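Q: Input: one structure, supplied below.
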Amino acid sequence: MKMMGAIGGPQLAMMSVAMGVMGAASKMNEARATAYQYQAQATQTELQGRLEAVKARQEGNQVLETMNAVMAATTARSSAGGLSPFSAGESVDLINTYSMRQGVTEFSISRDNAAIAEDMSKYQAGIYRTAAANTMKAARTNAMMSVMGSVLKAGQLYPTDGFTNMFLPSGNVPVYHGGLGPYGNP
C-alpha cells in the first residue's frame, strides 16, 4: 500500500484559501436566509396592518349603522307618541343631532385608526427591509474579509517572493531611519 506524501506548503496554502472561500460562502448563505426572513416579516407586517385597517373600517361602518338605527327608532317613537319627528329644535331633533354627532365622531376615530394601522405597518415593514439590506451588505463585507484573511494566512503558510515580499522595501525605496531628515535630528 502506497502512503501519500506529507502535505507541503503549497497544499496547506491552497487549503487555507479554499477554507476561507467556503467560510465566506457559508456566511453569505446564512445572511441571505436572514435577509429572506426580514423580507417575509416585512410582508407579514404590511398584511397585518391592512387587516387591522379593514377591521377599523368595519367598526366605523358598524357605528354608522347603529347611528342610523338609533335615529330611526327615535323618529318612530316620537311619531308614535304624537310628537313631530322632523321639527327643528324639538327634543327629537336634539336627540337625533346628538346621536349623529356621536356617530360621526366614532366613525372618524375608526377611519383614523385604519389610516394609522396602515401607515405604521408600512413604517415597520420599511424597517425590516432596511435590516435585510444591511444584513446583506455586512455579509458581503465579512465574506471579503474572510477570503482576504485566508489569502494572507496562505501567504504566511507558504511565503513566496512575489506575495510576501511585495510590501517590503526594495533598494530604490527610501526607508525611514528616524529623525527629521534634512532638517536635522531631534
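Scheme for the C-alpha cells: letters A, B, ... for chains in order shown; per-chain residue numbers from 1; ligand numbers from 1 in order shown.
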Counting only C-alpha atoms, which residues of region 34-109 of chain A sit at most 10 Å from some atom of region 121-141 of chain A, and what is each one's closest atom pair with its distance in Å to one decimal, listed by chain and rising residue number, as a Markdown table?

A:
```
| residue | atom | partner | partner_atom | distance |
| --- | --- | --- | --- | --- |
| A:Thr34 | CA | A:Ala132 | CA | 7.1 |
| A:Ala35 | CA | A:Ala132 | CA | 4.2 |
| A:Tyr36 | CA | A:Ala132 | CA | 7.2 |
| A:Gln37 | CA | A:Ala132 | CA | 8.0 |
| A:Tyr38 | CA | A:Tyr128 | CA | 5.2 |
| A:Gln39 | CA | A:Arg129 | CA | 5.8 |
| A:Ala40 | CA | A:Tyr128 | CA | 8.7 |
| A:Gln41 | CA | A:Tyr128 | CA | 6.7 |
| A:Ala42 | CA | A:Ala125 | CA | 4.0 |
| A:Thr43 | CA | A:Ala125 | CA | 6.8 |
| A:Gln44 | CA | A:Ala125 | CA | 8.2 |
| A:Thr45 | CA | A:Ser121 | CA | 5.6 |
| A:Glu46 | CA | A:Ser121 | CA | 5.0 |
| A:Leu47 | CA | A:Ser121 | CA | 8.0 |
| A:Gln48 | CA | A:Ser121 | CA | 7.3 |
| A:Gly49 | CA | A:Ser121 | CA | 4.9 |
| A:Arg50 | CA | A:Ser121 | CA | 7.9 |
| A:Glu52 | CA | A:Ser121 | CA | 9.5 |
| A:Ala53 | CA | A:Ser121 | CA | 10.0 |
```

Q: Write out as a PyMOL selection string the residues lying within 10 Å of Ser26 (chain A), counting only C-alpha atoms and excluding same-chain residues fewer than 5 positions away.

A: chain A and resi 20-21+31-32+139+143

Q: Taking N, CA and C atoms for each residue, export the selection above as a PDB file, in the first residue's frame.

A:
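The file below, part_11.pdb, is the result:
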```pdb
ATOM      1  N   GLY A  20     -11.230  29.457   3.487  1.00  0.00           N
ATOM      2  CA  GLY A  20     -11.701  30.838   3.590  1.00  0.00           C
ATOM      3  C   GLY A  20     -12.846  31.118   2.641  1.00  0.00           C
ATOM      4  N   VAL A  21     -12.744  30.618   1.413  1.00  0.00           N
ATOM      5  CA  VAL A  21     -13.817  30.816   0.422  1.00  0.00           C
ATOM      6  C   VAL A  21     -15.074  30.072   0.853  1.00  0.00           C
ATOM      7  N   ALA A  31     -26.541  34.852   5.781  1.00  0.00           N
ATOM      8  CA  ALA A  31     -27.057  36.215   5.688  1.00  0.00           C
ATOM      9  C   ALA A  31     -28.239  36.287   4.722  1.00  0.00           C
ATOM     10  N   ARG A  32     -28.163  35.542   3.631  1.00  0.00           N
ATOM     11  CA  ARG A  32     -29.261  35.527   2.665  1.00  0.00           C
ATOM     12  C   ARG A  32     -30.539  34.982   3.323  1.00  0.00           C
ATOM     13  N   ALA A 139     -22.766  41.049   5.254  1.00  0.00           N
ATOM     14  CA  ALA A 139     -22.314  39.716   4.866  1.00  0.00           C
ATOM     15  C   ALA A 139     -21.281  39.800   3.744  1.00  0.00           C
ATOM     16  N   ALA A 143     -17.593  38.465   4.197  1.00  0.00           N
ATOM     17  CA  ALA A 143     -17.105  37.428   3.283  1.00  0.00           C
ATOM     18  C   ALA A 143     -15.787  37.861   2.641  1.00  0.00           C
TER      19      ALA A 143
END
```

Q: Could you please determine the separation between CA of Leu83 (chain A) and CA of Met67 (chain A) in Å, to one decimal place?

A: 20.6 Å

Q: In terms of the shortest atom-to-atom distance over only C-alpha atoms, which of A:Val63, A:Gly82, A:Ala114, A:Glu90 is closest to Gln102 (chain A)?

A: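 Smallest distance to Gln102 (chain A) is found for A:Val63.
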
Q: Point out the residue among A:Ala33, A:Val54, A:Val17, A:Ala24 with the least atom-to-atom distance to Asp112 (chain A), counting only C-alpha atoms.

A: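 Smallest separation from Asp112 (chain A) among the options: A:Val54.
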
Q: Please determine, counting only C-alpha atoms, which residue among A:Ser99, A:Gln156, A:Asn142, A:Ser108 has the shortest atom-to-atom distance to Thr75 (chain A).

A: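 So, comparing all the options, the nearest one is A:Ser99.
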
Q: Show which residues sit within 7 Å of Arg111 (chain A), as a PDB file with N, CA, C and O atoms, in the first residue's frame. Count only C-alpha atoms, and ignore same-chain residues fewer than 6 positions away.

A:
```pdb
ATOM      1  N   ALA A  56     -60.839  48.181  11.447  1.00  0.00           N
ATOM      2  CA  ALA A  56     -61.214  49.522  11.924  1.00  0.00           C
ATOM      3  C   ALA A  56     -62.299  50.127  11.034  1.00  0.00           C
ATOM      4  O   ALA A  56     -63.235  50.765  11.530  1.00  0.00           O
ATOM      5  N   ARG A  57     -62.199  49.918   9.721  1.00  0.00           N
ATOM      6  CA  ARG A  57     -63.233  50.438   8.813  1.00  0.00           C
ATOM      7  C   ARG A  57     -64.578  49.745   9.057  1.00  0.00           C
ATOM      8  O   ARG A  57     -65.630  50.382   8.990  1.00  0.00           O
ATOM      9  N   GLY A  60     -66.113  51.259  12.018  1.00  0.00           N
ATOM     10  CA  GLY A  60     -66.680  52.562  11.656  1.00  0.00           C
ATOM     11  C   GLY A  60     -68.016  52.414  10.940  1.00  0.00           C
ATOM     12  O   GLY A  60     -68.960  53.157  11.215  1.00  0.00           O
TER      13      GLY A  60
END
```
